[in-house]
Every structure is written in structure tokens, then in C-alpha cells.
Amino acid sequence: YLIECRGARIYTGIAIDVAARYAAHAQGRGARFTRAHPPQRLLASFRCADRSTASRAEAALKRWDPARKRALCAGPADIDLPALLGLSG
């Protein structure tokens, strides 16, 4: 999932329950980054076959610049993110 945070920053993470994780971030119980830069909105979330694939997708997305992340989020909601990133699963 990708969250837009204060200061136009984008946080990238993984979770089984994205809504619950977003709520934790919003309440200041999430990652250190979102405590310093509170979330403003959920930009997008993507399904992965397993935690390993999700972790690799997260790592790949963290290397993208913000403009590219925003373009991804503006695209189709049903995109196969692992395939887009060249990951199996």
C-alpha cells in the first residue's frame, strides 16, 4: 500500500489488513515515518500472492521517485503489481 503523508511524502508498506494498518498509522501507532509525517490519505493498495512477494514489491517501490509512485496510483486499480515489477507471484 502507498499512503500520502504530510509534506507530500509517500509511505510504502505491506499489510494483510490495509484499513487496520492505515488506522494505526493515523493514530500514531504505525511506523516512525508516519508518526513524523502523519498520513493524509491512502493512495493505493495492491494484492500479492504471499508475504515474500509483497516484501520484494515494497522494496522495489521504495526505490521509485514520488512522481512514478503517483502515476502508478493513478492507474488501474486491478494492476498486477508483481508482474509490473518483474517479480514472480
# chains A, B, ... in the order shown; residues from 1 in each chain; ligands from 1
call {"tool": "select_by_dssp", "arguments": {"residues": "segment 2-49 of chain A", "states": "helix (DSSP H, G or I)", "output": "list in words"}}
result
Arg6, Gly7, Ala8, Val18, Ala19, Ala20, Arg21, Tyr22, Ala23, Ala24, His25, Ala26, Arg32, Phe33, Thr34, Arg35 and Ala36 of chain A
call {"tool": "closest_atom_pairs", "arguments": {"of": "segment 47-79 of chain A", "to": "segment 7-17 of chain A", "cutoff": "8 Å", "atoms": "only C-alpha atoms", "output": "CSV"}}
result
residue,atom,partner,partner_atom,distance
A:Ala54,CA,A:Ile14,CA,6.5
A:Ser55,CA,A:Ile14,CA,6.9
A:Glu58,CA,A:Gly13,CA,6.2
A:Leu61,CA,A:Thr12,CA,7.3
A:Lys62,CA,A:Thr12,CA,6.6
A:Pro66,CA,A:Ile10,CA,6.8
call {"tool": "select_by_dssp", "arguments": {"residues": "chain A", "states": "strand (DSSP E or B)", "output": "list in words"}}
result
Leu2, Ile3, Glu4, Cys5, Arg9, Ile10, Tyr11, Thr12, Pro39, Gln40, Arg41, Leu42, Leu43 and Ala44 of chain A
call {"tool": "atom_distance", "arguments": {"atom1": "atom CA of Thr34 of chain A", "atom2": "atom CA of Arg70 of chain A"}}
result
17.9 Å
call {"tool": "closest_residue", "arguments": {"among": "A:Gln27, A:Ser45, A:Ser52, A:Gln40", "to": "Asp80 of chain A", "atoms": "only C-alpha atoms"}}
result
A:Ser45
call {"tool": "residues_around", "arguments": {"residues": "Pro82 of chain A", "least_positions_apart": "2", "cutoff": "12 Å", "atoms": "only C-alpha atoms", "output": "VMD selection string"}}
result
chain A and resid 46 to 61 78 to 80 84 to 89
